[in-house]
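J.: Structure file final08.tsv (TSV, C-alpha atoms) is given on the next line.
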chain	number	residue	atom	x	y	z
W	1	ARG	CA	-150.72	-111.62	-25.08
W	2	ALA	CA	-147.39	-110.86	-26.60
W	3	ALA	CA	-149.01	-108.68	-29.25
W	4	LYS	CA	-151.12	-107.01	-26.65
W	5	GLY	CA	-148.05	-106.36	-24.49
W	6	GLU	CA	-146.19	-104.92	-27.40
W	7	ALA	CA	-149.09	-102.61	-28.22
W	8	GLU	CA	-149.29	-101.41	-24.64
W	9	TYR	CA	-145.54	-100.94	-24.58
W	10	SER	CA	-145.52	-98.94	-27.82
W	11	TRP	CA	-148.50	-96.88	-26.66
W	12	SER	CA	-146.84	-96.10	-23.30
W	13	ARG	CA	-143.58	-95.32	-25.11
W	14	GLU	CA	-145.37	-92.90	-27.44
W	15	LYS	CA	-147.08	-91.32	-24.47
W	16	ARG	CA	-143.76	-91.01	-22.65
W	17	ASP	CA	-142.04	-89.55	-25.75
W	18	ALA	CA	-144.85	-87.06	-26.22
W	19	GLY	CA	-144.51	-86.08	-22.56
W	20	ASN	CA	-140.76	-85.67	-22.98
W	21	LYS	CA	-141.27	-83.49	-26.05
W	22	MET	CA	-143.76	-81.38	-24.15
W	23	ASP	CA	-141.36	-81.10	-21.21
W	24	LYS	CA	-138.59	-79.98	-23.57
W	25	ARG	CA	-140.85	-77.35	-25.13
W	26	LEU	CA	-141.94	-76.11	-21.72
W	27	SER	CA	-138.34	-75.92	-20.47
W	28	LYS	CA	-137.34	-73.94	-23.59
W	29	MET	CA	-140.23	-71.55	-23.04
W	30	ASP	CA	-139.32	-71.15	-19.37
W	31	ALA	CA	-135.71	-70.42	-20.31
W	32	LYS	CA	-136.85	-67.75	-22.76
W	33	LEU	CA	-139.14	-66.18	-20.20
W	34	GLU	CA	-136.52	-66.14	-17.45
W	35	GLY	CA	-134.15	-63.97	-19.49
W	36	ALA	CA	-136.87	-61.87	-21.03
W	37	GLU	CA	-137.80	-58.42	-19.90
W	38	PRO	CA	-141.26	-57.73	-18.54
W	39	VAL	CA	-143.96	-57.22	-21.16
W	40	MET	CA	-144.63	-53.56	-21.96
W	41	SER	CA	-147.84	-51.95	-23.08
W	42	LYS	CA	-148.24	-50.51	-26.57
W	43	LYS	CA	-147.85	-46.97	-25.23
W	44	GLU	CA	-144.61	-47.84	-23.48
W	45	VAL	CA	-143.25	-49.50	-26.61
W	46	LYS	CA	-144.20	-46.42	-28.65
W	47	LYS	CA	-142.47	-44.11	-26.14
W	48	GLU	CA	-139.33	-46.26	-26.20
W	49	LYS	CA	-139.28	-46.18	-30.01
W	50	GLN	CA	-139.63	-42.38	-30.01
W	51	LYS	CA	-136.87	-42.09	-27.44
W	52	ALA	CA	-134.59	-44.29	-29.55
W	53	LYS	CA	-135.42	-42.20	-32.62
W	54	LYS	CA	-134.48	-38.97	-30.80
W	55	GLU	CA	-131.21	-40.49	-29.62
W	56	LYS	CA	-130.36	-41.54	-33.18
W	57	LYS	CA	-131.08	-38.01	-34.45
W	58	ALA	CA	-128.89	-36.52	-31.75
W	59	LEU	CA	-126.05	-38.90	-32.60
W	60	ARG	CA	-126.39	-38.07	-36.28
W	61	ALA	CA	-126.23	-34.36	-35.54
W	62	ILE	CA	-123.09	-34.85	-33.45
W	63	ALA	CA	-121.52	-36.98	-36.19
W	64	GLU	CA	-122.36	-34.44	-38.88
W	65	LYS	CA	-120.95	-31.64	-36.77
W	66	SER	CA	-117.73	-33.54	-36.13
W	67	LEU	CA	-117.33	-34.28	-39.85
W	68	ASP	CA	-118.01	-30.69	-40.90
W	69	VAL	CA	-114.90	-29.17	-42.51
W	70	ALA	CA	-115.62	-25.69	-41.17
W	71	ASN	CA	-115.75	-27.09	-37.65
W	72	TRP	CA	-112.38	-28.80	-38.13
W	73	THR	CA	-110.65	-25.70	-39.45
W	74	GLY	CA	-112.13	-23.59	-36.67
W	75	ALA	CA	-110.87	-26.09	-34.12
W	76	LEU	CA	-107.41	-26.04	-35.69
W	77	LEU	CA	-107.26	-22.26	-35.68
W	78	ASP	CA	-108.38	-22.08	-32.05
W	79	GLY	CA	-106.24	-25.05	-31.03
W	80	GLY	CA	-103.61	-22.94	-29.22
W	81	GLU	CA	-106.26	-21.34	-27.02
W	82	ARG	CA	-107.53	-24.71	-25.92
W	83	PHE	CA	-104.33	-25.71	-24.17
W	84	SER	CA	-103.04	-22.43	-22.84
W	85	GLY	CA	-104.64	-19.96	-20.50
W	86	LYS	CA	-105.94	-16.79	-22.06
W	87	VAL	CA	-103.16	-14.28	-21.76
W	88	GLU	CA	-103.99	-10.62	-22.03
W	89	GLU	CA	-102.37	-8.95	-24.99
W	90	SER	CA	-99.75	-6.44	-24.16
W	91	LEU	CA	-99.84	-2.90	-25.45
W	92	GLU	CA	-97.09	-3.68	-27.96
W	93	ASP	CA	-98.96	-6.71	-29.33
W	94	LYS	CA	-102.10	-4.67	-29.85
W	95	LEU	CA	-100.10	-1.89	-31.47
W	96	THR	CA	-98.40	-4.24	-33.92
W	97	LYS	CA	-101.75	-5.82	-34.89
W	98	GLN	CA	-103.36	-2.44	-35.53
W	99	THR	CA	-100.53	-0.93	-37.54
W	100	VAL	CA	-100.09	-2.45	-40.97
W	101	GLY	CA	-97.71	-1.21	-43.63
W	102	LEU	CA	-95.78	2.05	-43.55
W	103	VAL	CA	-96.98	4.39	-40.82
W	104	SER	CA	-95.59	7.77	-39.89
W	105	TYR	CA	-94.17	8.40	-36.43
W	106	ASP	CA	-97.07	10.72	-35.54
W	107	GLU	CA	-99.69	8.13	-36.50
W	108	MET	CA	-97.83	5.47	-34.51
W	109	LYS	CA	-97.61	7.76	-31.49
W	110	GLN	CA	-101.32	8.61	-31.74
W	111	LYS	CA	-102.32	4.94	-31.92
W	112	ARG	CA	-100.11	4.14	-28.95
W	113	GLU	CA	-101.76	6.90	-26.90
W	114	GLU	CA	-105.24	5.68	-27.88
W	115	LEU	CA	-104.35	2.14	-26.87
W	116	GLU	CA	-102.87	3.34	-23.56
W	117	ILE	CA	-106.08	5.27	-22.82
W	118	GLN	CA	-108.21	2.22	-23.66
W	119	GLN	CA	-106.03	0.02	-21.48
W	120	ASN	CA	-106.16	2.46	-18.56
W	121	ASN	CA	-109.96	2.76	-18.87
W	122	ALA	CA	-110.30	-1.04	-18.88
W	123	LYS	CA	-108.07	-1.35	-15.78
W	124	ARG	CA	-110.00	1.38	-13.97
W	125	LYS	CA	-113.31	-0.26	-14.80
W	126	ALA	CA	-112.05	-3.66	-13.61
W	127	GLU	CA	-110.85	-2.11	-10.33
W	128	GLU	CA	-114.22	-0.38	-9.81
W	129	ASP	CA	-116.07	-3.63	-10.47
W	130	ALA	CA	-113.80	-5.46	-8.02
W	131	GLU	CA	-114.43	-2.78	-5.37
W	132	LYS	CA	-118.20	-3.00	-5.90
W	133	GLU	CA	-118.08	-6.78	-5.58
W	134	GLU	CA	-115.99	-6.52	-2.44
W	135	GLY	CA	-118.41	-3.96	-0.96
W	136	GLU	CA	-121.38	-6.21	-1.73
W	137	LYS	CA	-119.62	-9.17	-0.11
W	138	LYS	CA	-118.92	-7.13	3.02
W	139	LYS	CA	-122.57	-6.04	3.18
W	140	LYS	CA	-123.78	-9.60	2.84
W	141	LYS	CA	-121.35	-10.80	5.49
W	142	ALA	CA	-122.40	-8.04	7.89
W	143	LYS	CA	-126.06	-8.85	7.26
W	144	LYS	CA	-125.47	-12.55	8.00
W	145	GLU	CA	-123.58	-11.72	11.18
W	146	LYS	CA	-126.35	-9.37	12.30
W	147	GLN	CA	-128.96	-11.99	11.56
W	148	ALA	CA	-126.96	-14.64	13.45
W	149	LYS	CA	-126.68	-12.33	16.49
W	150	SER	CA	-130.40	-11.62	16.51
W	151	MET	CA	-131.29	-15.32	16.67
W	152	LEU	CA	-132.24	-16.64	20.09
W	153	SER	CA	-130.03	-19.15	21.76
W	154	PHE	CA	-131.27	-21.39	24.54
W	155	GLY	CA	-128.03	-22.85	25.69
Will you turn the file into structure tokens for me?
T.:
Amino acid sequence: RAAKGEAEYSWSREKRDAGNKMDKRLSKMDAKLEGAEPVMSKKEVKKEKQKAKKEKKALRAIAEKSLDVANWTGALLDGGERFSGKVEESLEDKLTKQTVGLVSYDEMKQKREELEIQQNNAKRKAEEDAEKEEGEKKKKKAKKEKQAKSMLSFG
């Protein structure tokens, strides 16, 4: 009986150990599944891969653009404009930019008159545009008021 008892004991121990191993495997699988995302279809996986590919291309393009020397020099040259408001050039600034080298008094006077005419035309055009905008706003406001008056009120 002792041999028979030992055999039963070893058999039950093996069975118990096998059950424990199976439980461990199942618990590992459950742990993996708990943290895992839901299973996607092949089409969804393909779409996600294409989306990731497009994002990589976009990032590469941005990186290449930022590393481009011409882009850097352009940014450096325009750097002052980035931090200050655009200030309109005065007549004198325009005149000094357009006159280079030795210029006679008559030529200088003629250029100044041309620039004054251009500046006056630009001002006049801006004023006319502002007046048109103001007139349109008044018309719209009057139309809204008229429409609001024509609505029925039951109160």
J.: Which neighbours of region 117-134 of chain W fall inside 10 Å, counting all atoms listed in the file, when residues of the same chain fewer than 6 positions from it are skipped, and could you give them as a list in words?
T.: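 Final neighbour list, sorted by chain and number: Ser90, Leu91, Lys111 and Lys140 of chain W.
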J.: Would you compute the distance between CA of Leu115 (chain W) and CA of Leu102 (chain W)? Give it in Å to one decimal.
T.: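 Value for the CA of Leu115 (chain W)-CA of Leu102 (chain W) distance: 18.8 Å.
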J.: Calculate how many Å separate CA of Arg60 (chain W) from CA of Lys46 (chain W), rounding to one decimal.
T.: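 Calculated distance between CA of Arg60 (chain W) and CA of Lys46 (chain W) is 21.1 Å.
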